[in-house]
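Novice: My questions will all concern the structure given below.
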Amino acid sequence: MDFFHVINHGVTEDLMNDTMNVFKEFFKLPEQDKTSFYCEDPTRNDHCMLYTSSLLYATEDHLWRDNLRNSCHPLEECIQHWPEKPARYRHAVGAYATELSEIPSMLVNHYPPCPDPSLTFGFSEHCDPNLITLLQQESDVFGLQVLRNGEWIGVEPISKAFVVNMGYQMQIISNNKLRSVEHRAVTNSEKARTSVAMFFIPNGDSIVEPAKALADSRNPAIFKSFQYKEFIAHFINKTGGIDVALESFKLQA
Ligand SMILES: O=C(O)CCC(=O)C(=O)O
Ligand SMILES: [Fe+2]
């Protein structure tokens, strides 16, 4: 139950498809319509930021990915800074953000067709550092893969579903009852692929620790108590698998 699809979530299929199409149209716009959003400075917190490969993960991999970070909360303020092209961008993405109320931001991944998909990834293997992620995949294009029993398995693209994925904070709060699962995105040489990720992120000052109800003398707490911002500072500087990222936040046995 750590990585699953949810349907009947209340966001209509029309709105999901419309929003996905708007994002796809945005990436197809000529360069001059997108350059004003381009930014490579991870410390800038613009309401709308376009960049290529990755800002967040300290990695030497060059990813076959463009990324649009679109903040949504508070909507009335953020929306003023969103693209005006395609013409219905603000309307469609605003309606989508309203349905998904309280979502702080969306990260739109766009993977153009890659001439040689064996040379790199769209998004290399990782677990999400936040609490929970919802991901909308575009229909018909496979790309998301999840690690299960040592094998990479394709996650079927179902355009009306959200993929729900537990981040590291949920693993910590649940005291390892829910696991953050490693996933990645591969590219293909034929079709571009777009996905929309929405992250539920604790406030930087929030204290994260195993829930009291899940830690007792028979199941002792595995993780320390810390502030979310400490985790993120550590995460940004680390590469490697799940155990590496979580190791420093474990209590000594
Ligand atoms: O594009 C995908 O399917 C994966 C995206 C992802 O894992 C992320 O944005 O954290
Ligand atoms: Fe992810």
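We name chains A, B, ... following the order of the structure tokens; residues begin at 1 in each chain, and ligands are numbered from 1 as shown.
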Could you give me, as a ChimeraX atom specification, each residue of region 77-249 of chain A that DSSP assigns to helix (DSSP H, G or I) when run on this structure's backbone?

Specialist: /A:77-81,89-99,168-173,212-214,228-236,242-247

Novice: Restrict the selected residues to C-alpha atoms and save them as a PDB file, in the first residue's frame.

Specialist:
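Saved the output as out-v5.pdb:
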```pdb
ATOM      1  CA  GLU A  77      -1.408  35.772  -5.471  1.00  0.00           C
ATOM      2  CA  CYS A  78       0.385  33.003  -7.397  1.00  0.00           C
ATOM      3  CA  ILE A  79      -1.858  33.049 -10.437  1.00  0.00           C
ATOM      4  CA  GLN A  80      -0.711  36.587 -11.368  1.00  0.00           C
ATOM      5  CA  HIS A  81       2.746  35.176 -12.065  1.00  0.00           C
ATOM      6  CA  TYR A  89      -3.436  28.382 -18.833  1.00  0.00           C
ATOM      7  CA  ARG A  90      -4.500  30.424 -15.801  1.00  0.00           C
ATOM      8  CA  HIS A  91      -8.122  29.398 -16.094  1.00  0.00           C
ATOM      9  CA  ALA A  92      -7.513  25.657 -16.472  1.00  0.00           C
ATOM     10  CA  VAL A  93      -4.600  25.292 -14.067  1.00  0.00           C
ATOM     11  CA  GLY A  94      -6.400  27.578 -11.580  1.00  0.00           C
ATOM     12  CA  ALA A  95      -9.502  25.333 -11.670  1.00  0.00           C
ATOM     13  CA  TYR A  96      -7.312  22.256 -11.185  1.00  0.00           C
ATOM     14  CA  ALA A  97      -5.446  23.840  -8.265  1.00  0.00           C
ATOM     15  CA  THR A  98      -8.778  24.848  -6.701  1.00  0.00           C
ATOM     16  CA  GLU A  99     -10.030  21.259  -6.854  1.00  0.00           C
ATOM     17  CA  TYR A 168      10.228   9.790   3.336  1.00  0.00           C
ATOM     18  CA  GLN A 169       8.322  11.801   5.964  1.00  0.00           C
ATOM     19  CA  MET A 170       5.428   9.333   5.846  1.00  0.00           C
ATOM     20  CA  GLN A 171       7.858   6.460   6.304  1.00  0.00           C
ATOM     21  CA  ILE A 172       9.269   8.210   9.373  1.00  0.00           C
ATOM     22  CA  ILE A 173       5.899   9.199  10.870  1.00  0.00           C
ATOM     23  CA  LYS A 212       3.282   8.066  19.312  1.00  0.00           C
ATOM     24  CA  ALA A 213       0.524   5.529  18.586  1.00  0.00           C
ATOM     25  CA  LEU A 214       2.906   3.553  16.360  1.00  0.00           C
ATOM     26  CA  TYR A 228      11.643  19.121   8.333  1.00  0.00           C
ATOM     27  CA  LYS A 229      14.100  21.793   7.145  1.00  0.00           C
ATOM     28  CA  GLU A 230      16.986  19.782   8.666  1.00  0.00           C
ATOM     29  CA  PHE A 231      15.932  16.790   6.596  1.00  0.00           C
ATOM     30  CA  ILE A 232      15.765  18.796   3.382  1.00  0.00           C
ATOM     31  CA  ALA A 233      19.167  20.422   3.935  1.00  0.00           C
ATOM     32  CA  HIS A 234      20.633  16.950   4.401  1.00  0.00           C
ATOM     33  CA  PHE A 235      18.718  15.423   1.479  1.00  0.00           C
ATOM     34  CA  ILE A 236      19.828  18.021  -1.044  1.00  0.00           C
ATOM     35  CA  ILE A 242      16.617   5.253   0.532  1.00  0.00           C
ATOM     36  CA  ASP A 243      18.803   3.997   3.357  1.00  0.00           C
ATOM     37  CA  VAL A 244      21.397   6.715   2.801  1.00  0.00           C
ATOM     38  CA  ALA A 245      18.833   9.501   3.036  1.00  0.00           C
ATOM     39  CA  LEU A 246      17.166   8.095   6.151  1.00  0.00           C
ATOM     40  CA  GLU A 247      20.292   6.866   7.983  1.00  0.00           C
TER      41      GLU A 247
END
```

Novice: Considering only C-alpha atoms, return as a count of residues only whatever protein or nucleic-acid residues lie within 9 Å of Cys127 (chain A), sequence-local ones (same chain, fewer than 5 positions apart) excluded.

Specialist: 11

Novice: Find the residues near region 17-33 of chain A: any atom within 8 Å, counting only C-alpha atoms, skip ones fewer than 4 places away on the same chain, and give them as a PyMOL selection string.

Specialist: chain A and resi 13+85-86+88-89+92-93+96+108+110+138+159-160+194-196

Novice: Enter the distance from CA of Ala197 (chain A) to CA of Asn130 (chain A), in Å, rounded to one decimal.

Specialist: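 So the answer is 11.8 Å.
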
Novice: Could you pull out the residues sitting within 10 Å of ligand 1, using only C-alpha atoms and all ligand atoms, and write them as a count of residues only?

Specialist: 47

Novice: CA of Thr52 (chain A) and CA of Leu131 (chain A) are how many Å apart?

Specialist: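 According to the coordinates, CA of Thr52 (chain A) and CA of Leu131 (chain A) are separated by 24.6 Å.
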
Novice: Residues of region 17-72 of chain A in strand (DSSP E or B) according to DSSP, as a ChimeraX atom specification?

Specialist: /A:38,48-52,66-71

Novice: Write the selection just made, keeping C-alpha atoms, as a PDB file, in the first residue's frame?

Specialist:
```pdb
ATOM      1  CA  TYR A  38      13.682  30.196 -17.205  1.00  0.00           C
ATOM      2  CA  CYS A  48       6.717  29.959 -11.850  1.00  0.00           C
ATOM      3  CA  MET A  49      10.123  28.569 -12.742  1.00  0.00           C
ATOM      4  CA  LEU A  50      11.229  26.661 -15.789  1.00  0.00           C
ATOM      5  CA  TYR A  51      14.483  24.755 -15.837  1.00  0.00           C
ATOM      6  CA  THR A  52      16.057  21.742 -17.385  1.00  0.00           C
ATOM      7  CA  ASP A  66      12.339  20.049 -18.583  1.00  0.00           C
ATOM      8  CA  ASN A  67      10.561  21.091 -15.478  1.00  0.00           C
ATOM      9  CA  LEU A  68       8.040  23.777 -14.676  1.00  0.00           C
ATOM     10  CA  ARG A  69       7.558  24.617 -11.034  1.00  0.00           C
ATOM     11  CA  ASN A  70       4.245  26.335 -10.552  1.00  0.00           C
ATOM     12  CA  SER A  71       3.314  27.479  -7.065  1.00  0.00           C
TER      13      SER A  71
END
```

Novice: What's the separation between CA of Met16 (chain A) and CA of His73 (chain A), in Å to one decimal place?

Specialist: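 So the answer is 18.9 Å.
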
Novice: Could you tell me which of A:Glu102, A:Glu156, A:Val164, A:Asp14 comes closest to ligand 2 if we count only C-alpha atoms and all ligand atoms?

Specialist: A:Val164

Novice: I need the residue nearest ligand 2 from this list: A:Ser118, A:Pro202, A:Lys34, A:Ile132. Use only C-alpha atoms and all ligand atoms for the distance.

Specialist: A:Ile132

Novice: Out of A:Asn149, A:Cys114, A:Thr120, A:Phe3, which residue has the shortest atom-to-atom distance to ligand 2 when counting only C-alpha atoms and all ligand atoms?

Specialist: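 Looking only at the distances to ligand 2, the closest residue turns out to be A:Phe3.
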
Novice: Counting only C-alpha atoms, which of A:His9, A:Ser225, A:Leu63, A:Ala211 gets nearest to Lys177 (chain A)?

Specialist: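 When distances to Lys177 (chain A) are compared using only C-alpha atoms, the smallest one comes from A:Ala211.
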